[in-house]
>>> print(open('protein_12.cif').read())   # mmCIF, C-alpha atoms
data_run
loop_
_atom_site.label_atom_id
_atom_site.label_comp_id
_atom_site.auth_asym_id
_atom_site.auth_seq_id
_atom_site.Cartn_x
_atom_site.Cartn_y
_atom_site.Cartn_z
CA MET S 1 20.56 -18.55 -1.94
CA THR S 2 22.11 -17.93 -5.37
CA ILE S 3 20.40 -16.91 -8.61
CA SER S 4 20.85 -20.42 -10.08
CA ASN S 5 19.29 -22.02 -6.97
CA ILE S 6 16.28 -19.77 -7.29
CA LYS S 7 16.02 -20.57 -11.01
CA GLN S 8 16.00 -24.30 -10.23
CA LEU S 9 13.35 -23.88 -7.55
CA VAL S 10 11.09 -21.83 -9.80
CA ILE S 11 11.46 -24.26 -12.72
CA LEU S 12 10.69 -27.22 -10.41
CA ALA S 13 7.64 -25.40 -9.02
CA SER S 14 6.51 -24.60 -12.56
CA VAL S 15 6.69 -28.22 -13.68
CA LEU S 16 4.83 -29.44 -10.59
CA LEU S 17 2.20 -26.74 -10.97
CA LEU S 18 1.58 -27.39 -14.65
CA THR S 19 1.46 -31.20 -14.34
CA ALA S 20 -0.85 -30.97 -11.33
CA CYS S 21 -3.33 -28.77 -13.17
CA SER S 22 -4.42 -31.24 -15.81
CA SER S 23 -6.35 -33.61 -13.50
CA TRP S 24 -7.11 -31.32 -10.61
CA GLU S 25 -10.61 -30.86 -9.16
CA PRO S 26 -11.52 -27.84 -6.99
CA TRP S 27 -12.78 -28.63 -3.48
CA VAL S 28 -15.02 -25.54 -3.62
CA GLN S 29 -17.04 -25.65 -6.83
CA PRO S 30 -17.81 -22.40 -8.71
CA TYR S 31 -21.52 -22.66 -7.77
CA GLU S 32 -20.52 -22.86 -4.06
CA ARG S 33 -18.78 -19.47 -4.03
CA GLU S 34 -21.76 -17.18 -3.45
CA ILE S 35 -20.56 -16.15 0.02
CA LEU S 36 -17.01 -15.59 -1.20
CA ALA S 37 -18.36 -13.15 -3.81
CA ASP S 38 -20.28 -11.12 -1.23
CA PRO S 39 -18.98 -7.52 -0.81
CA ILE S 40 -18.43 -8.14 2.90
CA MET S 41 -15.80 -10.78 1.97
CA ARG S 42 -13.57 -8.39 0.00
CA LEU S 43 -10.18 -7.69 1.56
CA SER S 44 -10.21 -4.17 0.05
CA ARG S 45 -13.85 -3.22 -0.33
CA GLN S 46 -13.32 0.52 -0.86
CA PRO S 47 -9.98 1.23 -2.57
CA SER S 48 -10.30 5.02 -2.22
CA ILE S 49 -10.39 4.75 1.58
CA GLU S 50 -7.75 2.00 1.72
CA ASN S 51 -5.38 4.10 -0.44
CA HIS S 52 -5.77 7.08 1.86
CA TYR S 53 -4.89 4.97 4.91
CA THR S 54 -1.90 3.51 3.09
CA HIS S 55 -0.61 7.02 2.35
CA VAL S 56 -1.19 8.14 5.97
CA TYR S 57 0.91 5.22 7.26
CA GLU S 58 3.64 5.24 4.61
CA VAL S 59 4.69 8.83 5.35
CA ARG S 60 4.75 8.22 9.12
CA GLU S 61 6.19 4.71 9.45
CA GLY S 62 9.52 3.21 8.41
CA SER S 63 7.83 0.21 6.78
CA HIS S 64 6.27 0.32 3.35
CA GLY S 65 5.12 -2.03 0.61
CA GLY S 66 3.28 -5.30 0.66
CA SER S 67 -0.02 -3.69 -0.33
CA SER S 68 -1.60 -2.92 -3.67
CA THR S 69 -1.05 0.85 -3.45
CA ILE S 70 1.80 2.31 -5.49
CA GLY S 71 3.15 5.73 -6.34
CA GLY S 72 2.17 8.86 -4.48
CA GLY S 73 4.88 11.42 -3.74
CA CYS S 74 5.81 12.68 -0.30
CA GLY S 75 3.48 15.06 1.61
CA CYS S 76 5.50 14.14 4.66
CA ASN S 77 7.23 17.09 6.35
CA MET F 1 25.31 -9.13 -0.90
CA THR F 2 25.61 -5.73 -2.58
CA PHE F 3 22.75 -3.53 -3.75
CA THR F 4 23.46 -4.47 -7.39
CA ASP F 5 23.54 -8.21 -6.65
CA LYS F 6 20.21 -8.00 -4.82
CA ASN F 7 18.70 -6.07 -7.72
CA LYS F 8 19.91 -8.69 -10.20
CA LEU F 9 18.54 -11.49 -8.03
CA THR F 10 15.15 -9.84 -7.77
CA LEU F 11 15.05 -9.06 -11.49
CA HIS F 12 15.92 -12.67 -12.42
CA LEU F 13 13.30 -14.02 -10.04
CA TRP F 14 10.71 -11.60 -11.39
CA LEU F 15 11.50 -12.55 -15.01
CA LEU F 16 11.22 -16.26 -14.19
CA VAL F 17 7.87 -15.82 -12.48
CA SER F 18 6.71 -13.72 -15.45
CA GLY F 19 7.61 -16.64 -17.73
CA LEU F 20 5.65 -18.98 -15.49
CA PHE F 21 2.72 -16.58 -15.71
CA TYR F 22 2.87 -16.67 -19.49
CA LEU F 23 2.90 -20.47 -19.48
CA MET F 24 -0.07 -20.62 -17.14
CA SER F 25 -2.07 -18.11 -19.15
CA THR F 26 -1.52 -19.99 -22.42
CA LEU F 27 -1.72 -23.63 -21.24
CA LEU F 28 -4.35 -23.70 -18.52
CA SER F 29 -8.07 -23.67 -18.95
CA VAL F 30 -9.57 -21.69 -16.09
CA GLN F 31 -12.72 -19.94 -14.97
CA ALA F 32 -13.22 -16.59 -16.69
CA ALA F 33 -11.71 -13.65 -14.85
CA VAL F 34 -13.93 -10.63 -14.27
CA LEU F 35 -13.11 -6.96 -14.76
CA ALA F 36 -13.97 -4.36 -12.13
CA GLU F 37 -17.41 -2.75 -12.34
CA ASP F 38 -17.99 0.72 -13.78
CA GLN F 39 -17.87 2.98 -10.75
CA ALA F 40 -17.26 6.55 -9.60
CA ASP F 41 -15.92 7.48 -6.14
CA ILE F 42 -16.01 11.00 -4.74
CA MET F 43 -14.22 11.32 -1.40
CA LEU F 44 -13.26 13.99 1.11
CA HIS F 45 -10.35 13.00 3.34
CA TYR F 46 -8.94 14.54 6.51
CA PHE F 47 -5.92 14.01 8.76
CA ASP F 48 -5.14 15.97 11.92
CA GLY F 49 -2.32 15.05 14.26
CA GLY F 50 1.14 16.02 15.51
CA GLY F 51 0.68 19.61 14.33
CA VAL F 52 -0.16 18.54 10.76
CA THR F 53 -3.48 18.81 8.98
CA ALA F 54 -3.95 17.36 5.50
CA GLN F 55 -7.27 17.42 3.73
CA GLY F 56 -8.79 17.54 0.30
CA PRO F 57 -10.93 15.82 -2.29
CA ALA F 58 -10.28 12.61 -4.19
CA LEU F 59 -12.01 11.38 -7.31
CA LEU F 60 -11.90 7.93 -8.94
CA VAL F 61 -13.71 7.02 -12.16
CA ARG F 62 -13.72 3.60 -13.81
CA LYS F 63 -15.37 2.73 -17.14
CA GLY F 64 -15.06 -0.30 -19.41
CA ASN F 65 -16.87 -2.49 -21.91
CA GLU F 66 -17.36 -5.43 -19.44
CA LYS F 67 -15.66 -7.86 -21.86
CA SER F 68 -12.09 -6.81 -22.55
CA TYR F 69 -11.04 -3.58 -20.86
CA SER F 70 -11.74 -1.25 -17.95
CA ALA F 71 -10.04 2.14 -17.89
CA PHE F 72 -9.63 4.19 -14.72
CA ALA F 73 -8.50 7.65 -13.69
CA SER F 74 -8.08 9.21 -10.28
CA TYR F 75 -7.30 12.65 -8.90
CA TYR F 76 -6.22 13.26 -5.32
CA VAL F 77 -5.44 16.53 -3.52
CA ASP F 78 -3.62 17.01 -0.20
CA ASN F 79 -3.84 20.52 1.27
CA VAL F 80 -1.17 20.33 3.98
CA THR F 81 -0.56 22.74 6.85
CA SER F 82 2.37 21.67 8.98
CA ALA F 83 3.61 22.79 12.35
CA SER F 84 5.00 19.35 13.18
CA ILE F 85 7.74 18.86 15.75
CA ASP F 86 10.25 18.43 12.91
CA VAL F 87 9.24 21.76 11.37
CA MET F 88 8.98 23.72 14.62
CA ALA F 89 12.41 22.54 15.88
CA GLN F 90 14.19 24.61 13.22
CA ALA F 91 11.66 26.52 11.11
CA SER F 92 8.09 27.84 11.17
CA GLU F 93 4.66 26.63 10.06
CA TYR F 94 4.09 26.25 6.32
CA SER F 95 1.31 25.26 3.91
CA GLU F 96 1.47 23.46 0.58
CA THR F 97 -0.66 21.48 -1.85
CA ARG F 98 0.05 18.08 -3.37
CA ASP F 99 -1.77 16.96 -6.52
CA GLU F 100 -1.75 13.35 -7.65
CA ILE F 101 -3.15 11.99 -10.91
CA SER F 102 -3.36 8.32 -11.93
CA LEU F 103 -4.39 6.85 -15.27
CA GLY F 104 -4.60 3.18 -16.17
CA VAL F 105 -6.34 0.38 -17.98
CA ASP F 106 -7.14 -3.24 -17.11
CA TYR F 107 -7.08 -5.52 -20.14
CA LEU F 108 -8.70 -8.97 -20.10
CA TYR F 109 -7.28 -11.54 -22.52
CA ASN F 110 -7.32 -15.35 -22.21
CA ASP F 111 -8.40 -15.15 -18.54
CA THR F 112 -5.45 -12.95 -17.67
CA ILE F 113 -6.02 -9.40 -16.47
CA SER F 114 -3.12 -7.12 -17.36
CA THR F 115 -2.96 -3.64 -15.90
CA ILE F 116 -0.86 -0.74 -17.08
CA SER F 117 -0.99 2.50 -15.13
CA TYR F 118 0.83 5.78 -14.69
CA ASN F 119 0.88 7.93 -11.57
CA THR F 120 2.23 11.46 -11.17
CA SER F 121 2.42 13.50 -7.98
CA GLU F 122 3.48 17.12 -7.67
CA GLU F 123 4.10 19.43 -4.75
CA SER F 124 6.35 22.45 -4.37
CA ASP F 125 9.37 20.44 -3.22
CA TYR F 126 8.72 16.89 -4.42
CA LEU F 127 7.87 15.45 -7.84
CA SER F 128 7.16 11.79 -8.52
CA ASP F 129 6.38 9.84 -11.70
CA THR F 130 5.57 6.14 -11.50
CA PHE F 131 4.88 3.58 -14.20
CA ASN F 132 3.23 0.27 -13.14
CA ILE F 133 2.51 -3.01 -14.85
CA ASP F 134 0.55 -5.82 -13.14
CA MET F 135 -0.88 -9.17 -14.19
CA SER F 136 -3.44 -11.38 -12.50
CA GLN F 137 -4.14 -15.00 -13.46
CA GLU F 138 -6.72 -17.44 -12.05
CA VAL F 139 -5.79 -21.14 -12.01
CA PHE F 140 -7.22 -24.39 -10.59
CA ASN F 141 -10.77 -23.52 -11.70
CA GLY F 142 -10.58 -20.15 -10.01
CA MET F 143 -9.45 -21.54 -6.64
CA THR F 144 -6.09 -19.77 -6.84
CA THR F 145 -5.16 -16.37 -8.25
CA PHE F 146 -1.56 -15.38 -8.95
CA ASN F 147 -0.53 -11.72 -9.17
CA ILE F 148 2.70 -10.20 -10.33
CA GLY F 149 3.68 -6.58 -10.72
CA TYR F 150 6.50 -4.16 -11.37
CA SER F 151 6.77 -0.41 -10.80
CA THR F 152 9.47 2.09 -11.58
CA SER F 153 9.50 5.60 -10.14
CA ALA F 154 11.57 8.67 -10.90
CA ASP F 155 11.35 11.22 -8.08
CA THR F 156 12.84 14.69 -7.71
CA VAL F 157 13.55 16.00 -4.22
CA LYS F 158 13.71 19.79 -3.89
CA ARG F 159 13.64 22.58 -1.31
CA VAL F 160 11.36 25.58 -1.50
CA ASP F 161 13.97 28.04 -0.17
CA ASN F 162 16.84 27.37 -2.59
CA ASP F 163 17.67 25.54 -5.84
CA PHE F 164 18.42 22.18 -4.15
CA ASN F 165 17.51 19.39 -6.57
CA LYS F 166 18.29 15.66 -6.24
CA ASN F 167 16.99 12.50 -7.88
CA LEU F 168 15.60 9.31 -6.38
CA ASP F 169 14.85 6.16 -8.40
CA ARG F 170 12.67 3.37 -7.09
CA TYR F 171 11.95 -0.15 -8.39
CA ARG F 172 9.20 -2.35 -6.96
CA TYR F 173 8.67 -6.06 -7.68
CA ARG F 174 5.49 -7.72 -6.41
CA PHE F 175 4.25 -11.30 -6.24
CA GLY F 176 0.96 -12.43 -4.77
CA LEU F 177 -1.17 -15.52 -4.33
CA SER F 178 -4.82 -15.55 -3.35
CA GLN F 179 -6.38 -18.87 -2.32
CA ILE F 180 -9.95 -20.05 -1.67
CA LEU F 181 -9.69 -22.31 1.37
CA THR F 182 -13.34 -23.17 2.08
CA LYS F 183 -16.78 -21.92 0.98
CA THR F 184 -16.48 -19.15 3.59
CA TRP F 185 -12.75 -18.50 3.89
CA HIS F 186 -10.06 -17.16 1.62
CA ALA F 187 -6.57 -15.87 2.20
CA SER F 188 -3.78 -14.16 0.32
CA PHE F 189 -0.01 -13.94 0.54
CA ASN F 190 1.97 -11.04 -0.91
CA TYR F 191 5.65 -10.27 -1.25
CA GLU F 192 7.15 -6.98 -2.38
CA ASN F 193 10.77 -5.98 -2.92
CA ILE F 194 11.54 -2.27 -3.15
CA SER F 195 14.94 -0.98 -4.27
CA GLU F 196 15.69 2.71 -3.95
CA LYS F 197 18.72 4.62 -5.13
CA GLY F 198 19.42 8.33 -4.85
CA PHE F 199 18.67 11.04 -2.31
CA LEU F 200 16.69 9.31 0.45
CA ASN F 201 16.88 12.05 3.10
CA ASN F 202 14.27 14.60 3.90
CA PRO F 203 16.23 17.73 2.81
CA TYR F 204 14.89 19.87 5.66
CA ARG F 205 15.66 17.68 8.64
CA SER F 206 18.77 17.65 10.81
CA ALA F 207 20.60 15.22 13.07
CA ARG F 208 21.96 16.19 16.49
CA VAL F 209 25.55 15.70 17.61
CA LEU F 210 26.08 16.51 21.28
CA GLY F 211 22.98 18.71 21.11
CA ALA F 212 24.08 20.70 18.03
CA TYR F 213 22.07 20.40 14.81
CA VAL F 214 23.99 19.14 11.75
CA PRO F 215 22.77 18.03 8.29
CA GLU F 216 21.46 14.48 8.11
CA VAL F 217 23.43 12.02 5.96
CA TYR F 218 21.69 8.86 4.71
CA PRO F 219 23.03 5.97 2.63
CA SER F 220 22.16 6.47 -1.06
CA THR F 221 20.60 3.02 -1.42
CA ARG F 222 17.92 1.06 0.40
CA THR F 223 16.43 -2.34 -0.33
CA SER F 224 13.26 -3.35 1.50
CA GLU F 225 11.21 -6.51 1.64
CA ALA F 226 7.62 -6.84 2.83
CA PHE F 227 5.73 -10.11 3.32
CA SER F 228 2.04 -9.99 4.13
CA VAL F 229 -0.65 -12.56 4.91
CA ARG F 230 -4.33 -11.63 4.81
CA SER F 231 -7.30 -13.78 5.71
CA ILE F 232 -11.06 -13.21 5.70
CA THR F 233 -13.76 -15.58 7.00
CA TYR F 234 -17.55 -15.36 6.81
CA PHE F 235 -19.79 -16.10 9.79
CA ASP F 236 -23.50 -16.93 10.03
CA TRP F 237 -24.30 -13.67 11.82
CA ARG F 238 -23.97 -11.97 8.39
CA GLY F 239 -20.51 -10.77 9.13
CA SER F 240 -16.86 -11.43 8.41
CA LEU F 241 -13.63 -11.44 10.37
CA LYS F 242 -10.44 -10.14 8.76
CA PHE F 243 -6.83 -10.68 9.84
CA ASP F 244 -3.74 -9.03 8.34
CA TYR F 245 -0.07 -9.41 9.21
CA ARG F 246 2.91 -7.77 7.50
CA TYR F 247 6.58 -8.39 8.18
CA PHE F 248 8.97 -5.71 6.94
CA THR F 249 12.74 -5.64 6.83
CA ASP F 250 15.30 -3.48 5.05
CA THR F 251 19.03 -2.94 4.56
CA TRP F 252 18.95 -0.01 7.00
CA GLY F 253 18.28 -2.38 9.90
CA ILE F 254 14.61 -1.52 10.33
CA ARG F 255 12.22 -4.32 11.12
CA GLY F 256 8.52 -3.59 11.30
CA ASP F 257 5.52 -5.71 12.30
CA THR F 258 1.94 -4.76 11.45
CA PHE F 259 -1.13 -6.59 12.77
CA GLU F 260 -4.72 -5.72 11.98
CA VAL F 261 -7.90 -7.48 13.04
CA GLY F 262 -11.26 -6.29 11.77
CA VAL F 263 -14.89 -7.27 11.89
CA SER F 264 -17.60 -6.35 9.36
CA LYS F 265 -21.33 -6.90 9.71
CA TYR F 266 -24.45 -6.24 7.69
CA ILE F 267 -26.93 -3.92 9.36
CA GLY F 268 -30.43 -4.14 7.92
CA THR F 269 -30.46 -5.30 4.31
CA LYS F 270 -27.27 -3.92 2.77
CA ASP F 271 -25.65 -1.38 5.12
CA ILE F 272 -22.27 -2.51 6.45
CA ILE F 273 -20.50 -1.53 9.66
CA ASP F 274 -16.77 -2.20 10.18
CA PHE F 275 -14.51 -2.02 13.23
CA SER F 276 -10.80 -2.78 13.31
CA ILE F 277 -7.70 -2.41 15.42
CA ARG F 278 -4.23 -2.05 13.92
CA LEU F 279 -0.94 -2.41 15.81
CA TYR F 280 2.43 -1.37 14.39
CA SER F 281 5.94 -1.47 15.86
CA GLN F 282 9.43 -1.04 14.47
CA ASN F 283 13.02 -0.84 15.68
CA LYS F 284 15.33 1.99 14.66
CA ALA F 285 17.61 2.23 11.63
CA SER F 286 21.25 1.38 12.30
CA PHE F 287 22.30 5.00 11.68
CA TYR F 288 19.58 6.65 13.79
CA SER F 289 20.23 8.46 17.03
CA ASP F 290 18.28 11.08 18.94
CA ASN F 291 21.59 12.74 19.86
CA PHE F 292 24.88 11.38 18.50
CA THR F 293 27.94 11.48 20.76
CA ALA F 294 30.29 11.91 17.77
CA GLU F 295 29.99 12.61 14.05
CA MET F 296 29.36 9.47 11.98
CA ILE F 297 29.41 8.72 8.26
CA TYR F 298 25.61 8.31 8.23
CA MET F 299 23.44 10.19 10.69
CA ALA F 300 19.64 10.40 10.94
CA ARG F 301 17.20 11.85 13.44
CA ASP F 302 14.04 11.30 11.41
CA LYS F 303 11.44 10.05 13.89
CA GLU F 304 10.14 7.69 11.18
CA LEU F 305 13.49 5.85 11.49
CA SER F 306 13.42 5.64 15.31
CA THR F 307 12.07 2.88 17.56
CA PHE F 308 8.35 3.45 17.99
CA SER F 309 4.90 1.93 17.91
CA ASP F 310 1.44 3.10 16.99
CA ILE F 311 -2.09 1.83 17.52
CA THR F 312 -5.14 2.61 15.37
CA LEU F 313 -8.83 2.17 16.14
CA LYS F 314 -11.05 2.38 13.04
CA ALA F 315 -14.81 2.50 12.50
CA ARG F 316 -16.68 2.71 9.21
CA TYR F 317 -20.35 2.73 8.21
CA SER F 318 -21.57 2.23 4.62
CA TYR F 319 -25.14 3.30 3.94
CA HIS F 320 -26.73 1.67 0.89
CA MET F 321 -28.66 4.56 -0.66
CA PHE F 322 -30.37 2.94 -3.64
CA GLU F 323 -30.33 0.10 -6.16
CA LYS F 324 -32.41 0.13 -9.35
CA ASP F 325 -32.41 -1.31 -12.86
CA ASN F 326 -33.34 1.84 -14.80
CA GLY F 327 -31.62 5.22 -14.86
CA PHE F 328 -27.95 6.11 -15.39
CA PHE F 329 -26.81 5.13 -11.89
CA ASN F 330 -27.91 1.66 -10.78
CA GLN F 331 -26.44 1.64 -7.26
CA GLY F 332 -25.15 4.12 -4.72
CA THR F 333 -23.57 4.04 -1.26
CA ILE F 334 -22.25 6.67 1.10
CA THR F 335 -19.56 5.76 3.62
CA THR F 336 -18.25 7.59 6.64
CA SER F 337 -15.00 6.43 8.20
CA LEU F 338 -13.15 7.57 11.31
CA ALA F 339 -9.87 6.46 12.86
CA TYR F 340 -7.90 7.38 15.97
CA ILE F 341 -4.12 6.79 15.93
CA GLU F 342 -1.67 7.09 18.81
CA PHE F 343 2.10 7.25 18.12
CA ASN F 344 4.62 6.58 20.92
CA TYR F 345 8.36 7.07 20.31
CA ASP F 346 10.93 5.22 22.43
CA ASP F 347 14.06 7.18 21.44
CA PHE F 348 12.93 10.43 19.83
CA THR F 349 12.68 13.30 22.31
CA HIS F 350 10.79 16.59 22.21
CA TYR F 351 13.21 19.42 21.37
CA GLN F 352 11.88 21.57 24.26
CA THR F 353 11.01 19.16 27.09
CA GLY F 354 13.60 16.43 26.38
CA GLU F 355 10.95 13.77 27.05
CA ASN F 356 10.06 10.94 24.68
CA TYR F 357 7.71 12.30 22.04
CA SER F 358 4.16 11.06 21.45
CA TYR F 359 1.10 12.37 19.67
CA ASP F 360 -2.33 11.29 18.55
CA ALA F 361 -4.15 11.81 15.26
CA TRP F 362 -7.62 11.65 13.76
CA VAL F 363 -8.27 10.41 10.23
CA ALA F 364 -11.65 10.71 8.52
CA GLN F 365 -13.18 10.10 5.11
CA ILE F 366 -16.59 10.62 3.55
CA LEU F 367 -17.01 8.58 0.39
CA LEU F 368 -19.83 8.65 -2.17
CA SER F 369 -19.72 5.61 -4.51
CA LEU F 370 -21.93 5.34 -7.58
CA TRP F 371 -22.18 2.39 -10.00
CA TYR F 372 -23.46 2.83 -13.56
#
>>> encode(input="protein_12.cif", output="structure tokens")
Amino acid sequence: MTISNIKQLVILASVLLLTACSSWEPWVQPYEREILADPIMRLSRQPSIENHYTHVYEVREGSHGGSSTIGGGCGCN
Amino acid sequence: MTFTDKNKLTLHLWLLVSGLFYLMSTLLSVQAAVLAEDQADIMLHYFDGGGVTAQGPALLVRKGNEKSYSAFASYYVDNVTSASIDVMAQASEYSETRDEISLGVDYLYNDTISTISYNTSEESDYLSDTFNIDMSQEVFNGMTTFNIGYSTSADTVKRVDNDFNKNLDRYRYRFGLSQILTKTWHASFNYENISEKGFLNNPYRSARVLGAYVPEVYPSTRTSEAFSVRSITYFDWRGSLKFDYRYFTDTWGIRGDTFEVGVSKYIGTKDIIDFSIRLYSQNKASFYSDNFTAEMIYMARDKELSTFSDITLKARYSYHMFEKDNGFFNQGTITTSLAYIEFNYDDFTHYQTGENYSYDAWVAQILLSLWY
């Protein structure tokens, strides 16, 4: 995929997204989101603990990224 | 496609999505975004496995005005003592301390949360400075949240026993989408591209050629991509079920898969107990070998670049200490967390026994969280 192909795709997606927004109704209304706001429904409920796990894995595995944690040096010998 | 072409492609894509973000934030009327609550975390963390112990305190403080900004600062210390297999193969046990400081601010304007942060990490043989910028935008009446972010790092790799000094630059581009699916289910998709250029080796480690140790030689560039999908669903037994999957690939030939399934449940009124299992596997880098049969242009024997898998079992209990309307602190919890990890290497052998290496590790945290 070239840069111009990606540009075209993003522009097309932008137009569709923006035109779709004007008359769009949510299927879960704001007043129906009490459960979704509960602490037990958070994907990262305790960032301090999640960040420590991310560091533990990043210095011991070949994969990294795809999470919200960034920065952090080495500590890996 | 060369490293430079890939960088250009990612940069163009990131700029286009940034433009889309700007359009959305100025044209769309959406539900008001909310800043994070004022909170302080005090944590003690501990790792013990494979001859390495790492422990220390961590502190996170967040304070804002509830309407337009929330500033945060964190301090993290790793006191490391290492007699790992990599160290013992050619050297002796050592100790060092790593200090990490982060400062940042979330800024709320027109239903867009913009975050600027700076992170610096220092240890005797590794320095790292990272600048991050992130934006988050709710659309479709809060049903969908888009995230975009960029980080740039300037690292310095050193050795403690001589004046070795090399640079490593890193660029990270992130996109994310979080979607409410039903009244009890939401999911998110994230993509991150990481480009690195500079000295990517560990300066202490060696490769083996016909049993003899020689310096490792890595390519000076690496481009990685990570895609992740996360889902969480609520159930009537006052609990939730979480599922994570991450696919990783890079220009060194590594492919990694990470699965995690977790369950959380309320105990009593507000205490929460969590259990999860995480599975990880990867194949080796194209220039990795436990013992090369001839000298190559690139040679690595880092066990992190070998073919291996690990499995983690985690448990966590959060005790809700108090909640009140008067006083400086209005809520407090204390959390204890414990994990057991087992690493099994398919093509990295122990330097003494010659058998495939494996080890297990324990990870623990005690976290005191206070809201004010």
>>> atom_distance(input="protein_12.cif", atom1="CA of Ala285 in chain F", atom2="CA of Trp252 in chain F")
5.3 Å
>>> residues_around(input="protein_12.cif", residues="Gly66 in chain S", least_positions_apart="2", cutoff="9 Å", atoms="only C-alpha atoms", output="PyMOL selection string")
(chain S and resi 64+68-69) or (chain F and resi 174+190-193+225-228+246-248)
>>> atom_distance(input="protein_12.cif", atom1="CA of Leu200 in chain F", atom2="CA of Ser220 in chain F")
6.3 Å
>>> atom_distance(input="protein_12.cif", atom1="CA of Ser289 in chain F", atom2="CA of Lys303 in chain F")
9.5 Å
>>> resolve_selection(input="protein_12.cif", expression="the PyMOL selection byres ((chain F and resi 128-132) around 7)", output="ChimeraX atom specification")
/S:71,73 /F:116-122,126-127,133-134,150-156
